[in-house]
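Listing of query_35.cif; format and content: mmCIF, C-alpha atoms and all ligand atoms.
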data_coords
#
loop_
_atom_site.label_atom_id
_atom_site.label_comp_id
_atom_site.auth_asym_id
_atom_site.auth_seq_id
_atom_site.Cartn_x
_atom_site.Cartn_y
_atom_site.Cartn_z
CA MET A 1087 50.67 -164.17 -155.89
CA ARG A 1088 48.53 -164.37 -158.99
CA SER A 1089 49.39 -162.10 -161.83
CA PHE A 1090 47.14 -159.22 -162.67
CA THR A 1091 44.39 -159.55 -165.23
CA ALA A 1092 42.68 -156.30 -166.00
CA GLY A 1093 39.32 -157.92 -166.72
CA ARG A 1094 39.09 -159.25 -163.23
CA PHE A 1095 38.97 -155.77 -161.79
CA LEU A 1096 37.82 -153.60 -164.62
CA GLY A 1097 34.53 -155.16 -165.51
CA GLY A 1098 35.98 -157.03 -168.49
CA GLN A 1099 32.97 -159.32 -168.31
CA GLY A 1100 30.70 -156.37 -167.67
CA ARG A 1101 30.68 -157.01 -163.94
CA GLU A 1102 31.98 -154.90 -161.10
CA LEU A 1103 34.03 -156.27 -158.31
CA PRO A 1104 32.06 -155.56 -155.15
CA LEU A 1105 33.74 -154.93 -151.85
CA ARG A 1106 34.18 -158.27 -150.20
CA ASN A 1107 32.38 -156.98 -147.15
CA PRO A 1108 31.08 -153.40 -147.23
CA GLN A 1109 30.00 -153.66 -143.61
CA ARG A 1110 33.59 -154.05 -142.52
CA PHE A 1111 34.06 -150.31 -142.54
CA SER A 1112 31.86 -150.02 -139.51
CA LEU A 1113 34.93 -151.34 -137.67
CA TYR A 1114 36.79 -148.18 -138.46
CA VAL A 1115 34.29 -145.40 -138.63
CA ALA A 1116 32.43 -143.49 -135.99
CA PRO A 1117 30.40 -140.28 -136.09
CA LYS A 1118 32.42 -137.17 -135.41
CA PRO A 1119 32.31 -136.13 -131.77
CA PHE A 1120 29.48 -133.67 -131.25
CA TYR A 1121 31.75 -130.78 -130.28
CA LEU A 1122 33.77 -131.15 -133.48
CA GLN A 1123 30.65 -130.56 -135.51
CA TYR A 1124 30.70 -127.01 -134.20
CA THR A 1125 34.43 -126.37 -134.39
CA SER A 1126 34.72 -127.71 -137.93
CA LEU A 1127 31.81 -126.21 -139.79
CA MET A 1128 33.94 -125.65 -142.85
CA SER A 1129 35.01 -129.24 -143.16
CA TYR A 1130 33.53 -132.63 -143.87
CA LEU A 1131 31.11 -133.55 -141.09
CA GLY A 1132 30.72 -137.18 -141.89
CA LYS A 1133 32.39 -140.21 -140.47
CA THR A 1134 35.84 -140.23 -139.05
CA VAL A 1135 38.24 -143.15 -139.00
CA ALA A 1136 39.23 -145.06 -135.88
CA PHE A 1137 42.87 -144.71 -136.73
CA GLU A 1138 44.62 -147.28 -134.52
CA PRO A 1139 42.80 -150.38 -135.86
CA LEU A 1140 43.16 -149.07 -139.38
CA LEU A 1141 46.92 -148.62 -138.94
CA ASP A 1142 47.19 -152.15 -137.52
CA ASP A 1143 45.23 -153.63 -140.41
CA LEU A 1144 47.21 -151.69 -143.00
CA GLN A 1145 50.49 -153.00 -141.59
CA ARG A 1146 49.14 -156.54 -141.33
CA ALA A 1147 47.83 -156.46 -144.91
CA ALA A 1148 51.11 -155.06 -146.21
CA ARG A 1149 53.09 -157.75 -144.42
CA ARG A 1150 50.84 -160.51 -145.76
CA ALA A 1151 51.18 -159.16 -149.28
CA GLY A 1152 54.97 -159.26 -149.05
CA PHE A 1153 55.59 -155.54 -148.67
CA SER A 1154 58.43 -154.16 -146.59
CA THR A 1155 57.48 -151.40 -144.15
CA ARG A 1156 59.40 -148.26 -143.25
CA THR A 1157 58.47 -145.76 -140.58
CA LEU A 1158 59.43 -142.36 -142.01
CA CYS A 1159 58.85 -140.50 -138.74
CA GLU A 1160 56.51 -140.47 -135.78
CA ALA A 1161 53.77 -137.89 -135.42
CA GLY A 1162 51.76 -137.66 -132.22
CA GLY A 1163 52.95 -141.16 -131.32
CA TYR A 1164 51.78 -142.66 -134.62
CA PRO A 1165 54.06 -143.93 -137.39
CA LEU A 1166 54.13 -142.33 -140.82
CA LEU A 1167 54.33 -145.51 -142.89
CA ALA A 1168 55.68 -146.40 -146.32
CA PHE A 1169 55.15 -149.86 -147.81
CA SER A 1170 57.22 -151.11 -150.75
CA ARG A 1171 57.27 -154.23 -152.86
CA THR A 1172 59.71 -154.63 -155.74
CA SER A 1173 58.98 -156.58 -158.90
CA SER A 1174 61.29 -157.78 -161.65
CA PRO A 1175 63.73 -155.37 -163.35
CA GLY A 1176 61.99 -153.26 -165.98
CA SER A 1177 58.59 -153.50 -164.30
CA LYS A 1178 56.49 -150.36 -163.99
CA SER A 1179 56.77 -148.46 -160.74
CA VAL A 1180 53.63 -147.08 -159.09
CA TYR A 1181 53.35 -144.76 -156.11
CA LEU A 1182 50.09 -144.40 -154.16
CA SER A 1183 49.38 -142.12 -151.23
CA ALA A 1184 46.42 -141.18 -149.06
CA GLY A 1185 45.52 -139.65 -145.75
CA ILE A 1186 47.38 -136.37 -146.13
CA HIS A 1187 44.03 -134.78 -145.26
CA GLY A 1188 42.80 -136.57 -142.17
CA ASP A 1189 39.11 -135.93 -142.88
CA GLU A 1190 39.16 -137.93 -146.12
CA PRO A 1191 38.86 -141.51 -144.85
CA ALA A 1192 38.06 -143.27 -148.14
CA GLY A 1193 41.67 -142.92 -149.33
CA PRO A 1194 43.39 -144.95 -146.60
CA LEU A 1195 40.50 -147.46 -146.65
CA ALA A 1196 40.84 -147.87 -150.42
CA LEU A 1197 44.55 -148.56 -149.97
CA LEU A 1198 43.70 -151.18 -147.34
CA GLU A 1199 41.30 -152.79 -149.81
CA LEU A 1200 44.00 -152.75 -152.48
CA LEU A 1201 46.61 -154.29 -150.18
CA GLU A 1202 44.14 -157.07 -149.41
CA THR A 1203 43.09 -157.50 -153.05
CA ASP A 1204 46.03 -159.36 -154.51
CA LEU A 1205 47.80 -156.44 -156.18
CA PRO A 1206 49.47 -157.23 -159.51
CA SER A 1207 52.87 -158.79 -158.95
CA ASP A 1208 54.41 -157.40 -162.14
CA VAL A 1209 54.46 -153.84 -160.75
CA THR A 1210 56.83 -152.29 -158.22
CA TRP A 1211 54.69 -150.65 -155.55
CA HIS A 1212 55.31 -147.83 -153.13
CA ILE A 1213 52.40 -146.98 -150.85
CA CYS A 1214 52.09 -144.28 -148.18
CA PRO A 1215 48.65 -144.98 -146.69
CA ALA A 1216 48.37 -142.18 -144.12
CA LEU A 1217 50.65 -139.20 -144.67
CA ASN A 1218 49.09 -137.14 -141.90
CA PRO A 1219 48.85 -139.44 -138.87
CA THR A 1220 47.72 -136.80 -136.38
CA GLY A 1221 45.10 -135.47 -138.80
CA CYS A 1222 43.84 -138.99 -139.49
CA LYS A 1223 43.63 -139.69 -135.79
CA ALA A 1224 41.57 -136.51 -135.21
CA GLY A 1225 39.54 -136.79 -138.41
CA GLU A 1226 40.76 -133.32 -139.37
CA ARG A 1227 42.21 -131.92 -142.59
CA PHE A 1228 45.12 -130.30 -140.76
CA SER A 1229 47.88 -131.91 -138.73
CA ALA A 1230 47.98 -131.46 -134.95
CA ALA A 1231 50.36 -128.54 -135.57
CA GLY A 1232 47.57 -126.85 -137.54
CA ALA A 1233 49.26 -127.29 -140.93
CA ASP A 1234 47.76 -128.34 -144.24
CA LEU A 1235 50.55 -130.78 -145.12
CA ASN A 1236 49.36 -130.81 -148.72
CA ARG A 1237 50.44 -127.18 -149.06
CA ASP A 1238 53.90 -127.62 -147.55
CA TYR A 1239 55.88 -129.40 -150.26
CA LEU A 1240 57.83 -126.33 -151.36
CA SER A 1241 58.49 -124.75 -147.97
CA LEU A 1242 59.06 -128.14 -146.28
CA LYS A 1243 58.35 -126.70 -142.84
CA GLN A 1244 56.48 -129.66 -141.42
CA PRO A 1245 58.42 -132.65 -140.05
CA GLU A 1246 56.02 -135.16 -141.66
CA VAL A 1247 56.59 -133.59 -145.08
CA ARG A 1248 60.36 -133.42 -144.62
CA ALA A 1249 60.49 -137.10 -143.64
CA HIS A 1250 58.29 -138.01 -146.62
CA VAL A 1251 60.43 -136.00 -149.04
CA GLU A 1252 63.59 -137.65 -147.71
CA TRP A 1253 62.05 -141.09 -148.32
CA LEU A 1254 60.89 -140.06 -151.82
CA GLY A 1255 64.50 -139.09 -152.54
CA ASP A 1256 65.54 -142.73 -151.98
CA GLN A 1257 63.10 -144.05 -154.62
CA ASP A 1258 63.56 -144.42 -158.36
CA LEU A 1259 61.29 -142.46 -160.69
CA PHE A 1260 57.64 -143.55 -160.67
CA ASP A 1261 55.88 -144.43 -163.93
CA LEU A 1262 52.61 -143.45 -162.26
CA ALA A 1263 51.73 -141.63 -159.05
CA LEU A 1264 48.19 -141.46 -157.66
CA PHE A 1265 47.09 -139.34 -154.70
CA LEU A 1266 43.79 -140.37 -153.10
CA HIS A 1267 41.60 -137.55 -151.82
CA GLU A 1268 37.98 -136.69 -151.14
CA ASP A 1269 36.02 -133.51 -151.79
CA TRP A 1270 33.19 -132.70 -149.41
CA GLU A 1271 31.79 -130.07 -151.82
CA ALA A 1272 31.82 -132.20 -154.97
CA ASN A 1273 28.76 -133.86 -156.44
CA GLY A 1274 30.75 -136.43 -158.32
CA PHE A 1275 34.16 -138.03 -158.80
CA TYR A 1276 36.87 -136.05 -160.58
CA LEU A 1277 40.64 -135.97 -160.95
CA TYR A 1278 43.54 -133.63 -161.68
CA GLU A 1279 45.96 -134.76 -164.35
CA LEU A 1280 49.62 -133.71 -164.46
CA ASN A 1281 50.84 -135.17 -167.73
CA PRO A 1282 52.96 -133.26 -170.25
CA SER A 1283 52.54 -136.12 -172.78
CA ARG A 1284 48.75 -136.09 -172.65
CA THR A 1285 48.35 -136.15 -176.43
CA GLU A 1286 50.27 -139.46 -176.60
CA PHE A 1287 48.98 -141.20 -173.49
CA SER A 1288 46.59 -140.58 -170.65
CA ALA A 1289 45.18 -142.84 -167.96
CA ALA A 1290 42.51 -140.29 -167.02
CA ARG A 1291 39.61 -141.76 -168.99
CA PRO A 1292 39.94 -145.36 -167.83
CA MET A 1293 40.11 -144.12 -164.25
CA ILE A 1294 37.03 -141.93 -164.68
CA GLN A 1295 35.15 -144.82 -166.29
CA ALA A 1296 36.09 -147.16 -163.46
CA ALA A 1297 35.02 -144.68 -160.77
CA GLY A 1298 31.85 -143.93 -162.73
CA ARG A 1299 30.65 -147.49 -162.20
CA HIS A 1300 30.22 -146.64 -158.53
CA CYS A 1301 29.30 -142.94 -158.31
CA PRO A 1302 28.50 -140.04 -160.62
CA ILE A 1303 31.26 -138.09 -162.32
CA GLU A 1304 31.41 -134.40 -161.46
CA LYS A 1305 29.24 -132.41 -163.87
CA ALA A 1306 29.87 -128.90 -162.56
CA PRO A 1307 31.71 -126.78 -165.15
CA HIS A 1308 34.25 -125.66 -162.55
CA VAL A 1309 35.83 -126.93 -159.33
CA ASP A 1310 37.71 -124.23 -157.42
CA GLN A 1311 37.67 -122.13 -160.62
CA ASN A 1312 39.30 -124.95 -162.61
CA PRO A 1313 37.36 -126.03 -165.70
CA VAL A 1314 36.26 -129.69 -165.51
CA HIS A 1315 35.65 -131.76 -168.64
CA GLY A 1316 34.32 -135.28 -168.19
CA GLY A 1317 35.59 -135.27 -164.61
CA ILE A 1318 39.12 -134.27 -165.67
CA ILE A 1319 40.92 -131.09 -164.60
CA ILE A 1320 44.12 -130.12 -166.37
CA PRO A 1321 46.05 -127.64 -164.22
CA THR A 1322 47.27 -124.55 -166.05
CA GLU A 1323 50.83 -123.23 -166.25
CA GLN A 1324 49.82 -120.69 -163.66
CA ASP A 1325 48.66 -123.45 -161.31
CA LEU A 1326 52.08 -125.03 -161.64
CA ARG A 1327 53.74 -121.79 -160.53
CA ARG A 1328 51.91 -121.74 -157.19
CA THR A 1329 54.17 -121.67 -154.15
CA ASP A 1330 51.97 -123.67 -151.73
CA TRP A 1331 52.95 -126.94 -153.32
CA PRO A 1332 50.74 -129.97 -152.82
CA GLU A 1333 52.36 -133.41 -152.78
CA ALA A 1334 51.36 -133.91 -156.44
CA LEU A 1335 53.42 -130.92 -157.59
CA TYR A 1336 56.47 -132.02 -155.61
CA VAL A 1337 56.28 -135.57 -156.98
CA PHE A 1338 55.67 -134.24 -160.50
CA THR A 1339 58.69 -131.95 -160.25
CA HIS A 1340 61.14 -134.44 -158.76
CA HIS A 1341 59.97 -138.03 -159.22
CA ASN A 1342 57.47 -138.54 -161.99
CA ARG A 1343 55.95 -137.21 -165.22
CA LEU A 1344 52.50 -138.73 -164.91
CA ASN A 1345 50.35 -138.22 -161.89
CA TYR A 1346 46.75 -137.92 -160.87
CA THR A 1347 45.00 -136.53 -157.83
CA LEU A 1348 41.78 -138.52 -157.42
CA GLU A 1349 38.84 -136.89 -155.63
CA SER A 1350 35.84 -138.91 -154.52
CA PRO A 1351 32.67 -137.07 -153.43
CA SER A 1352 32.24 -137.16 -149.63
CA SER A 1353 28.46 -136.96 -149.89
CA TYR A 1354 28.27 -140.58 -151.06
CA ALA A 1355 28.40 -143.64 -148.80
CA LEU A 1356 31.87 -144.49 -147.58
CA HIS A 1357 31.95 -147.90 -149.24
CA THR A 1358 30.95 -146.28 -152.56
CA ARG A 1359 33.86 -143.83 -152.33
CA VAL A 1360 36.25 -146.64 -151.38
CA GLU A 1361 35.11 -148.69 -154.38
CA ALA A 1362 35.40 -145.70 -156.72
CA LEU A 1363 38.94 -144.89 -155.55
CA ARG A 1364 40.05 -148.52 -155.53
CA ASP A 1365 38.82 -149.22 -159.05
CA ALA A 1366 40.16 -145.92 -160.40
CA VAL A 1367 43.59 -146.90 -159.05
CA LEU A 1368 43.42 -150.36 -160.63
CA ALA A 1369 42.28 -148.91 -163.96
CA GLY A 1370 45.10 -146.36 -163.95
CA VAL A 1371 47.70 -148.99 -163.12
CA ALA A 1372 46.34 -151.36 -165.79
CA ALA A 1373 46.50 -148.60 -168.42
CA VAL A 1374 50.08 -147.67 -167.50
CA ASN A 1375 51.12 -151.32 -167.31
CA LEU A 1376 49.96 -151.87 -170.91
CA ARG A 1377 51.90 -148.82 -172.07
CA PRO A 1378 55.04 -149.89 -174.00
ZN ZN A 1401 42.36 -133.78 -149.80
#
Before we go any further, please render this structure as structure tokens.
Amino acid sequence: MRSFTAGRFLGGQGRELPLRNPQRFSLYVAPKPFYLQYTSLMSYLGKTVAFEPLLDDLQRAARRAGFSTRTLCEAGGYPLLAFSRTSSPGSKSVYLSAGIHGDEPAGPLALLELLETDLPSDVTWHICPALNPTGCKAGERFSAAGADLNRDYLSLKQPEVRAHVEWLGDQDLFDLALFLHEDWEANGFYLYELNPSRTEFSAARPMIQAAGRHCPIEKAPHVDQNPVHGGIIIPTEQDLRRTDWPEALYVFTHHNRLNYTLESPSSYALHTRVEALRDAVLAGVAAVNLRP
């Protein structure tokens, strides 16, 4: 395993790293079934992921990269997977997740790209590539039980979330946690930052810059009533008191003091969103890895 050099991924020579084969995503994606376009008018109507081959490739890539795999539970006959790879003592620990909303395919695909892209060996990695297996299979935001799993992390009613939380409880604190999402209403990339030490350190700007090499950064003044500045949303104290906890709030409360929810704009081509998410992740990890 080669060690990580930021320039290789972050345009240090002023070049972007293209996807090795953008066409490969045609293996996974298919248009939504016609009937779903009528039952899901309020959701993303684009491509949906062929989940079985993606799951196979994720597991194969993780194995090849030296990750151990745990199945946290089964949902609809599909495994909820967690991949881990430990580095030397004192190394930074990074947690990545995707696929909690099954209609946001760029997240799991970006994690596949990352697993296949020689991830830095001086970082301890924990990766949950598809937290909502039944939603990913159906290409729907909600799980087969009709739940938005990303609103269940305080009530812990859903078995997928309970299994995930139990696994999180076995892990040490994360130096960085990144949650990969997509927004079908956005016109550009943006992120939410949970970081009480923002004045001393933030990985937000490097991530926005990296994503901005592939797609525009959100310019709207507000997303869901949250002010956006340069693609960055800082949740308010009131946001933190909400009771429908997303994964980010649970991880922030129990496992980590620096986390980002990354949102790529669904209106752009899938490979563009994958590239934006992948490079934002690498930029965030590089920034945190350089932090003393
Ligand atoms: Zn989402």
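Here the question is which of A:Pro1321, A:Pro1191, A:Pro1313, A:Gly1221 gets nearest to Thr1347 of chain A using only C-alpha atoms, and that residue is A:Pro1321.
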Q: List all protein, DNA and RNA residues that have an atom no more than 8 Å from any atom of ligand ZN 1401 (chain A), counting all atoms listed in the file, and report them as a PyMOL selection string.
A: chain A and resi 1185-1187+1189-1190+1227+1236+1266-1269+1349
Q. Looking at A:Ala1362, A:Ala1369, A:Ile1303, A:Ala1231, which one is nearest to Glu1246 of chain A, with distances taken over all atoms listed in the file?
A.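 Looking at the shortest contact to Glu1246 of chain A, the residue is A:Ala1231.
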(Q) Using only C-alpha atoms for the distances, tell me which of A:Asp1256, A:Asp1143, A:Asp1365, A:Asp1310 is nearest to Pro1194 of chain A. (A) A:Asp1143
Q: For segment 1148-1152 of chain A, please output as a list in words all residues within 7 Å (counting all atoms listed in the file; exclusion window: fewer than 6 positions along the same chain).
A: Phe1169, Arg1171 and Leu1201 of chain A
Requested write-out: C-alpha atoms of the selected residues, as a JSON list (two decimals), in the coordinates of the input:
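In the end it all went to part29.json:
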[["chain", "number", "residue", "atom", "x", "y", "z"],
["A", 1169, "PHE", "CA", 55.15, -149.86, -147.81],
["A", 1171, "ARG", "CA", 57.27, -154.23, -152.86],
["A", 1201, "LEU", "CA", 46.61, -154.29, -150.18]]
Q | Residue among A:Gly1225, A:Pro1215, A:Gly1317, A:Pro1378 lying closest to Asp1142 of chain A, counting all atoms listed in the file | A |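 Among A:Gly1225, A:Pro1215, A:Gly1317, A:Pro1378, it is A:Pro1215 that comes nearest to Asp1142 of chain A.
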Q | Closest of A:Phe1265, A:Phe1338, A:Phe1153, A:Phe1275 to Thr1358 of chain A - atom-to-atom distances counting all atoms listed in the file | A |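 Smallest separation from Thr1358 of chain A among the options: A:Phe1275.
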Q | Long-range neighbours of Thr1210 of chain A as JSON, numbers by chain, 10 Å cut-off, all atoms listed in the file, 4 positions minimum in chain | A | {"A": [1170, 1171, 1172, 1173, 1174, 1175, 1176, 1177, 1178, 1179, 1180, 1181, 1206, 1260, 1261]}
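For the pair atom CA of Gly1188 of chain A and atom CA of Ile1213 of chain A, the interatomic distance is 16.6 Å.
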Q.
Please report the interatomic distance between atom CA of Thr1285 of chain A and atom CA of Arg1343 of chain A in Å with one decimal.
A.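 Spanning atom CA of Thr1285 of chain A to atom CA of Arg1343 of chain A is a straight-line distance of 13.6 Å.
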Q: Could you check which of A:Ala1272, A:Leu1326, A:Leu1205, A:Leu1240 is closest to Pro1307 of chain A, using only C-alpha atoms?
A: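 Checking each candidate against Pro1307 of chain A, we get A:Ala1272 as the closest.
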Q | Neighbours of point (39.8, -140.7, -157.7) within 6 Å, using all atoms listed in the file, written as a VMD selection string | A | chain A and resid 1277 1348 to 1350 1363 1366
Export C-alpha atoms of the chosen residues as an mmCIF file, in the frame of the given file?
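Contents of out-v9.cif, freshly written:
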data_model
loop_
_atom_site.group_PDB
_atom_site.id
_atom_site.type_symbol
_atom_site.label_atom_id
_atom_site.label_comp_id
_atom_site.auth_asym_id
_atom_site.auth_seq_id
_atom_site.Cartn_x
_atom_site.Cartn_y
_atom_site.Cartn_z
ATOM 1 C CA LEU A 1277 40.640 -135.970 -160.950
ATOM 2 C CA LEU A 1348 41.780 -138.520 -157.420
ATOM 3 C CA GLU A 1349 38.840 -136.890 -155.630
ATOM 4 C CA SER A 1350 35.840 -138.910 -154.520
ATOM 5 C CA LEU A 1363 38.940 -144.890 -155.550
ATOM 6 C CA ALA A 1366 40.160 -145.920 -160.400
#
Q | Who sits within 7 Å of Arg1364 of chain A, all atoms listed in the file, same chain under 4 positions skipped, as a PyMOL selection string | A | chain A and resi 1196+1200+1360+1368
Q. If you measure from atom CA of Arg1291 of chain A to atom CA of Gly1370 of chain A, what distance in Å do you get, rounded to one decimal?
A. 8.8 Å
**Q.** Cys1214 of chain A environment, 6 Å, only C-alpha atoms, sequence neighbours closer than 4 positions dropped, as a ChimeraX atom specification
**A.** /A:1167-1168,1183
Restricting it to C-alpha atoms, dump the selection as a compact mmCIF listing (two decimals), in the coordinates of the input.
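And here is the file that came out, again-v7.txt:
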# COMPACT_ATOMS: atom_id res chain seq x y z
CA LEU A 1167 54.33 -145.51 -142.89
CA ALA A 1168 55.68 -146.40 -146.32
CA SER A 1183 49.38 -142.12 -151.23
Because the input lacks atoms here, generate N, CA and C atoms for segment 1152-1166 of chain A and report them as a PDB file, keeping the file's coordinate frame.
ATOM      1  N   GLY A1152      53.541-159.220-148.719  1.00  0.00           N
ATOM      2  CA  GLY A1152      54.970-159.260-149.050  1.00  0.00           C
ATOM      3  C   GLY A1152      55.626-157.904-149.170  1.00  0.00           C
ATOM      4  N   PHE A1153      54.998-156.875-148.638  1.00  0.00           N
ATOM      5  CA  PHE A1153      55.590-155.540-148.670  1.00  0.00           C
ATOM      6  C   PHE A1153      56.554-155.370-147.497  1.00  0.00           C
ATOM      7  N   SER A1154      57.607-154.591-147.708  1.00  0.00           N
ATOM      8  CA  SER A1154      58.430-154.160-146.590  1.00  0.00           C
ATOM      9  C   SER A1154      57.850-152.846-146.056  1.00  0.00           C
ATOM     10  N   THR A1155      58.052-152.597-144.784  1.00  0.00           N
ATOM     11  CA  THR A1155      57.480-151.400-144.150  1.00  0.00           C
ATOM     12  C   THR A1155      58.597-150.519-143.618  1.00  0.00           C
ATOM     13  N   ARG A1156      58.484-149.220-143.885  1.00  0.00           N
ATOM     14  CA  ARG A1156      59.400-148.260-143.250  1.00  0.00           C
ATOM     15  C   ARG A1156      58.598-147.226-142.494  1.00  0.00           C
ATOM     16  N   THR A1157      59.073-146.868-141.316  1.00  0.00           N
ATOM     17  CA  THR A1157      58.470-145.760-140.580  1.00  0.00           C
ATOM     18  C   THR A1157      59.301-144.513-140.869  1.00  0.00           C
ATOM     19  N   LEU A1158      58.679-143.538-141.549  1.00  0.00           N
ATOM     20  CA  LEU A1158      59.430-142.360-142.010  1.00  0.00           C
ATOM     21  C   LEU A1158      59.663-141.382-140.868  1.00  0.00           C
ATOM     22  N   CYS A1159      58.700-141.305-139.961  1.00  0.00           N
ATOM     23  CA  CYS A1159      58.850-140.500-138.740  1.00  0.00           C
ATOM     24  C   CYS A1159      57.675-140.864-137.849  1.00  0.00           C
ATOM     25  N   GLU A1160      57.666-140.318-136.654  1.00  0.00           N
ATOM     26  CA  GLU A1160      56.510-140.470-135.780  1.00  0.00           C
ATOM     27  C   GLU A1160      55.830-139.116-135.639  1.00  0.00           C
ATOM     28  N   ALA A1161      54.520-139.135-135.590  1.00  0.00           N
ATOM     29  CA  ALA A1161      53.770-137.890-135.420  1.00  0.00           C
ATOM     30  C   ALA A1161      52.673-138.156-134.392  1.00  0.00           C
ATOM     31  N   GLY A1162      52.752-137.464-133.280  1.00  0.00           N
ATOM     32  CA  GLY A1162      51.760-137.660-132.220  1.00  0.00           C
ATOM     33  C   GLY A1162      51.738-139.091-131.699  1.00  0.00           C
ATOM     34  N   GLY A1163      52.875-139.764-131.784  1.00  0.00           N
ATOM     35  CA  GLY A1163      52.950-141.160-131.320  1.00  0.00           C
ATOM     36  C   GLY A1163      52.543-142.175-132.358  1.00  0.00           C
ATOM     37  N   TYR A1164      52.182-141.741-133.550  1.00  0.00           N
ATOM     38  CA  TYR A1164      51.780-142.660-134.620  1.00  0.00           C
ATOM     39  C   TYR A1164      52.842-142.677-135.721  1.00  0.00           C
ATOM     40  N   PRO A1165      53.043-143.851-136.333  1.00  0.00           N
ATOM     41  CA  PRO A1165      54.060-143.930-137.390  1.00  0.00           C
ATOM     42  C   PRO A1165      53.542-143.364-138.715  1.00  0.00           C
ATOM     43  N   LEU A1166      54.426-142.691-139.423  1.00  0.00           N
ATOM     44  CA  LEU A1166      54.130-142.330-140.820  1.00  0.00           C
ATOM     45  C   LEU A1166      54.745-143.442-141.663  1.00  0.00           C
TER      46      LEU A1166
END
